[in-house]
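Peer 1: Here's a structure for you.
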Amino acid sequence: MRLDKYLKVSRLIKRRTVANEACDAGKVLVNAKPARASYDVKVGDVIEITLGARQLRARVIAVQETVAKNDAAMLYEVLP
């Protein structure tokens with residue numbers, strides 16, 4: 001699954017267009033490397049997002065095309 005779509009489905013970022021723009025601006029890192037929106041997300045990847053003052057590190061646990069809002073947090077594990 002594309003990185004921008006994964007960020008939207010997992011609700012780490014609310015909109016896919018915002019996720020796409022963040023990737024283009026270099027604010028999203030996957031495994032400590034800048035990633036494009038078209039990057040293919042795999043289980044075990046570590047995603048780092050910096051948007052304004054908000055910084056988040058998460059490890060991908062599962063990749064699903066669709067998921068209920070209440071189950072979205074089960075797709076990733078927040079890292080310190």
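In the structure tokens, each chain is lettered A, B, ... as it comes, each chain's residues begin at 1, and ligands are numbered from 1 in order of appearance.
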With a distance cut-off of 12 Å and only C-alpha atoms, select the neighbouring residues of Glu21 (chain A), excluding the residue or stretch itself and same-chain residues fewer than 3 positions from it, and output the selection as a list in words.
Peer 2: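 With the cut-off at 12 Å, the set is Leu3, Asp4, Leu7, Ile13, Arg15, Arg16, Thr17, Val18, Asp24, Ala25, Gly26, Lys27, Val28, Ala35, Arg36, Ala37, Ser38 and Leu51 of chain A.
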Peer 1: Save out the residues we just selected, all heavy atoms, as a tab-separated table (two decimals), in the first residue's frame.
Peer 2:
```
chain	number	residue	atom	x	y	z
A	3	LEU	N	2.38	4.88	0.84
A	3	LEU	CA	2.57	5.54	2.13
A	3	LEU	C	1.49	6.56	2.42
A	3	LEU	O	0.94	6.58	3.52
A	3	LEU	CB	3.96	6.21	2.16
A	3	LEU	CG	4.30	7.00	3.42
A	3	LEU	CD1	4.24	6.11	4.66
A	3	LEU	CD2	5.67	7.64	3.28
A	4	ASP	N	1.13	7.40	1.45
A	4	ASP	CA	0.11	8.42	1.71
A	4	ASP	C	-1.24	7.78	2.05
A	4	ASP	O	-1.94	8.24	2.95
A	4	ASP	CB	-0.01	9.41	0.55
A	4	ASP	CG	-0.31	8.77	-0.79
A	4	ASP	OD1	-0.21	7.53	-0.91
A	4	ASP	OD2	-0.63	9.52	-1.74
A	7	LEU	N	-1.07	6.34	5.67
A	7	LEU	CA	-1.19	7.38	6.69
A	7	LEU	C	-2.64	7.81	6.87
A	7	LEU	O	-3.08	8.09	7.98
A	7	LEU	CB	-0.32	8.58	6.32
A	7	LEU	CG	1.19	8.33	6.35
A	7	LEU	CD1	1.94	9.53	5.80
A	7	LEU	CD2	1.66	8.00	7.76
A	13	ILE	N	-2.53	10.72	9.71
A	13	ILE	CA	-2.81	12.02	9.09
A	13	ILE	C	-4.23	11.95	8.55
A	13	ILE	O	-4.61	10.95	7.94
A	13	ILE	CB	-1.79	12.34	7.97
A	13	ILE	CG1	-0.38	12.47	8.56
A	13	ILE	CG2	-2.18	13.62	7.25
A	13	ILE	CD1	0.70	12.78	7.55
A	15	ARG	N	-6.03	13.54	6.12
A	15	ARG	CA	-6.37	13.54	4.69
A	15	ARG	C	-5.20	13.05	3.85
A	15	ARG	O	-4.04	13.33	4.15
A	15	ARG	CB	-6.75	14.95	4.25
A	15	ARG	CG	-8.02	15.42	4.88
A	15	ARG	CD	-8.43	16.80	4.38
A	15	ARG	NE	-9.57	17.27	5.13
A	15	ARG	CZ	-9.50	17.94	6.26
A	15	ARG	NH1	-8.34	18.23	6.78
A	15	ARG	NH2	-10.59	18.34	6.88
A	16	ARG	N	-5.53	12.37	2.78
A	16	ARG	CA	-4.49	11.82	1.91
A	16	ARG	C	-3.70	12.93	1.22
A	16	ARG	O	-2.50	12.81	1.03
A	16	ARG	CB	-5.13	10.89	0.88
A	16	ARG	CG	-4.09	10.12	0.07
A	16	ARG	CD	-4.73	9.01	-0.71
A	16	ARG	NE	-3.75	8.35	-1.55
A	16	ARG	CZ	-4.03	7.33	-2.33
A	16	ARG	NH1	-5.25	6.85	-2.37
A	16	ARG	NH2	-3.10	6.79	-3.08
A	17	THR	N	-4.36	14.02	0.86
A	17	THR	CA	-3.65	15.12	0.20
A	17	THR	C	-2.63	15.75	1.17
A	17	THR	O	-1.53	16.11	0.75
A	17	THR	CB	-4.61	16.19	-0.32
A	17	THR	OG1	-5.45	16.62	0.75
A	17	THR	CG2	-5.46	15.67	-1.44
A	18	VAL	N	-2.99	15.86	2.44
A	18	VAL	CA	-2.06	16.40	3.43
A	18	VAL	C	-0.89	15.44	3.61
A	18	VAL	O	0.27	15.86	3.71
A	18	VAL	CB	-2.78	16.65	4.78
A	18	VAL	CG1	-1.81	17.07	5.85
A	18	VAL	CG2	-3.88	17.68	4.61
A	24	ASP	N	6.11	15.00	0.21
A	24	ASP	CA	6.83	15.81	-0.78
A	24	ASP	C	7.74	16.83	-0.10
A	24	ASP	O	8.79	17.18	-0.63
A	24	ASP	CB	5.86	16.54	-1.71
A	24	ASP	CG	5.14	15.59	-2.66
A	24	ASP	OD1	5.61	14.44	-2.81
A	24	ASP	OD2	4.11	15.99	-3.24
A	25	ALA	N	7.34	17.32	1.09
A	25	ALA	CA	8.12	18.32	1.82
A	25	ALA	C	9.23	17.68	2.65
A	25	ALA	O	9.99	18.39	3.31
A	25	ALA	CB	7.20	19.15	2.71
A	26	GLY	N	9.31	16.36	2.67
A	26	GLY	CA	10.36	15.68	3.43
A	26	GLY	C	10.07	15.57	4.91
A	26	GLY	O	10.97	15.34	5.71
A	27	LYS	N	8.81	15.71	5.30
A	27	LYS	CA	8.44	15.65	6.72
A	27	LYS	C	8.07	14.25	7.18
A	27	LYS	O	7.77	14.05	8.34
A	27	LYS	CB	7.28	16.60	6.98
A	27	LYS	CG	7.66	18.04	6.72
A	27	LYS	CD	6.53	18.99	6.97
A	27	LYS	CE	6.94	20.37	6.56
A	27	LYS	NZ	6.93	21.30	7.65
A	28	VAL	N	8.11	13.28	6.26
A	28	VAL	CA	7.82	11.90	6.61
A	28	VAL	C	9.05	11.05	6.29
A	28	VAL	O	9.53	11.05	5.16
A	28	VAL	CB	6.59	11.37	5.83
A	28	VAL	CG1	6.32	9.92	6.20
A	28	VAL	CG2	5.37	12.23	6.10
A	35	ALA	N	10.87	9.63	2.60
A	35	ALA	CA	10.10	8.72	1.76
A	35	ALA	C	9.12	9.51	0.89
A	35	ALA	O	8.55	10.51	1.32
A	35	ALA	CB	9.34	7.73	2.63
A	36	ARG	N	8.93	9.02	-0.31
A	36	ARG	CA	7.95	9.60	-1.22
A	36	ARG	C	6.58	9.03	-0.90
A	36	ARG	O	6.47	7.97	-0.26
A	36	ARG	CB	8.33	9.29	-2.65
A	36	ARG	CG	9.71	9.82	-3.02
A	36	ARG	CD	10.01	9.51	-4.43
A	36	ARG	NE	9.09	10.29	-5.26
A	36	ARG	CZ	9.41	10.83	-6.42
A	36	ARG	NH1	10.62	10.66	-6.88
A	36	ARG	NH2	8.54	11.50	-7.12
A	37	ALA	N	5.55	9.69	-1.36
A	37	ALA	CA	4.18	9.24	-1.12
A	37	ALA	C	3.92	7.88	-1.76
A	37	ALA	O	3.08	7.12	-1.29
A	37	ALA	CB	3.19	10.27	-1.66
A	38	SER	N	4.67	7.53	-2.77
A	38	SER	CA	4.46	6.27	-3.47
A	38	SER	C	5.21	5.10	-2.84
A	38	SER	O	5.12	3.98	-3.34
A	38	SER	CB	4.88	6.41	-4.93
A	38	SER	OG	6.26	6.74	-5.00
A	51	LEU	N	5.05	17.28	11.82
A	51	LEU	CA	4.12	18.29	11.31
A	51	LEU	C	4.03	19.39	12.36
A	51	LEU	O	3.43	19.20	13.42
A	51	LEU	CB	2.74	17.70	11.05
A	51	LEU	CG	2.63	16.72	9.89
A	51	LEU	CD1	1.23	16.14	9.81
A	51	LEU	CD2	2.97	17.40	8.58
```
Peer 1: So which bits of chain A end up alpha helix (DSSP H) when you DSSP the backbone, as a VMD selection string?
Peer 2: chain A and resid 3 to 9 16 to 24
Peer 1: Applying 12 Å and only C-alpha atoms, which residues near Val30 (chain A) remain after dropping the ones on its own chain fewer than 4 positions away? List them as a list in words.
Peer 2: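 With the cut-off at 12 Å, the set is Leu3, Asp4, Leu7, Cys23, Gly26, Pro34, Ala35, Arg36, Ala37, Ser38, Tyr39, Asp40, Val41, Lys42, Val43, Gly44, Asp45, Val46, Ile47, Glu48, Ile49, Thr50, Leu56, Arg57, Ala58, Arg59 and Val60 of chain A.
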Peer 1: Kindly export the residues of the current selection with N, CA, C and O atoms, as a compact mmCIF listing (two decimals), in the first residue's frame.
Peer 2:
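Final output, again.txt:
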```
# COMPACT_ATOMS: atom_id res chain seq x y z
N LEU A 3 2.38 4.88 0.84
CA LEU A 3 2.57 5.54 2.13
C LEU A 3 1.49 6.56 2.42
O LEU A 3 0.94 6.58 3.52
N ASP A 4 1.13 7.40 1.45
CA ASP A 4 0.11 8.42 1.71
C ASP A 4 -1.24 7.78 2.05
O ASP A 4 -1.94 8.24 2.95
N LEU A 7 -1.07 6.34 5.67
CA LEU A 7 -1.19 7.38 6.69
C LEU A 7 -2.64 7.81 6.87
O LEU A 7 -3.08 8.09 7.98
N CYS A 23 4.85 14.25 2.60
CA CYS A 23 5.89 13.40 2.01
C CYS A 23 6.75 14.20 1.02
O CYS A 23 7.98 14.09 1.03
N GLY A 26 9.31 16.36 2.67
CA GLY A 26 10.36 15.68 3.43
C GLY A 26 10.07 15.57 4.91
O GLY A 26 10.97 15.34 5.71
N PRO A 34 14.07 9.88 4.08
CA PRO A 34 12.90 10.58 3.51
C PRO A 34 12.19 9.66 2.52
O PRO A 34 12.83 8.98 1.73
N ALA A 35 10.87 9.63 2.60
CA ALA A 35 10.10 8.72 1.76
C ALA A 35 9.12 9.51 0.89
O ALA A 35 8.55 10.51 1.32
N ARG A 36 8.93 9.02 -0.31
CA ARG A 36 7.95 9.60 -1.22
C ARG A 36 6.58 9.03 -0.90
O ARG A 36 6.47 7.97 -0.26
N ALA A 37 5.55 9.69 -1.36
CA ALA A 37 4.18 9.24 -1.12
C ALA A 37 3.92 7.88 -1.76
O ALA A 37 3.08 7.12 -1.29
N SER A 38 4.67 7.53 -2.77
CA SER A 38 4.46 6.27 -3.47
C SER A 38 5.21 5.10 -2.84
O SER A 38 5.12 3.98 -3.34
N TYR A 39 5.93 5.34 -1.74
CA TYR A 39 6.68 4.27 -1.07
C TYR A 39 5.72 3.14 -0.67
O TYR A 39 4.62 3.39 -0.19
N ASP A 40 6.14 1.90 -0.87
CA ASP A 40 5.31 0.74 -0.55
C ASP A 40 5.54 0.35 0.91
O ASP A 40 6.59 -0.17 1.25
N VAL A 41 4.55 0.61 1.76
CA VAL A 41 4.66 0.34 3.20
C VAL A 41 4.61 -1.16 3.45
O VAL A 41 3.78 -1.87 2.89
N LYS A 42 5.53 -1.63 4.33
CA LYS A 42 5.58 -3.03 4.71
C LYS A 42 5.52 -3.15 6.23
O LYS A 42 5.86 -2.22 6.94
N VAL A 43 5.09 -4.30 6.72
CA VAL A 43 5.05 -4.57 8.16
C VAL A 43 6.47 -4.48 8.70
O VAL A 43 7.40 -5.02 8.13
N GLY A 44 6.63 -3.75 9.81
CA GLY A 44 7.94 -3.59 10.43
C GLY A 44 8.60 -2.26 10.13
O GLY A 44 9.57 -1.89 10.79
N ASP A 45 8.10 -1.52 9.14
CA ASP A 45 8.66 -0.20 8.83
C ASP A 45 8.43 0.74 10.01
O ASP A 45 7.41 0.66 10.69
N VAL A 46 9.38 1.65 10.24
CA VAL A 46 9.23 2.68 11.27
C VAL A 46 9.00 4.00 10.55
O VAL A 46 9.83 4.45 9.77
N ILE A 47 7.86 4.62 10.83
CA ILE A 47 7.46 5.87 10.19
C ILE A 47 7.64 7.00 11.19
O ILE A 47 7.16 6.90 12.32
N GLU A 48 8.32 8.07 10.77
CA GLU A 48 8.49 9.26 11.60
C GLU A 48 7.84 10.43 10.88
O GLU A 48 8.14 10.70 9.73
N ILE A 49 6.93 11.11 11.58
CA ILE A 49 6.19 12.23 10.99
C ILE A 49 6.48 13.48 11.82
O ILE A 49 6.37 13.45 13.05
N THR A 50 6.82 14.58 11.14
CA THR A 50 7.01 15.86 11.80
C THR A 50 6.09 16.87 11.12
O THR A 50 6.32 17.25 9.98
N LEU A 56 5.99 12.29 15.68
CA LEU A 56 5.46 10.97 15.99
C LEU A 56 6.32 9.89 15.34
O LEU A 56 6.71 10.02 14.18
N ARG A 57 6.62 8.84 16.10
CA ARG A 57 7.31 7.65 15.56
C ARG A 57 6.38 6.47 15.77
O ARG A 57 5.87 6.26 16.87
N ALA A 58 6.18 5.69 14.72
CA ALA A 58 5.28 4.54 14.82
C ALA A 58 5.84 3.39 13.99
O ALA A 58 6.42 3.61 12.92
N ARG A 59 5.65 2.17 14.49
CA ARG A 59 6.05 0.97 13.76
C ARG A 59 4.80 0.35 13.15
O ARG A 59 3.78 0.21 13.81
N VAL A 60 4.89 -0.02 11.88
CA VAL A 60 3.76 -0.61 11.17
C VAL A 60 3.57 -2.05 11.66
O VAL A 60 4.50 -2.86 11.62
```
Peer 1: For CA of Met74 (chain A) and CA of Tyr6 (chain A), quote the distance in Å rounded to one decimal.
Peer 2: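 Computing it gives 12.6 Å between the two atoms.
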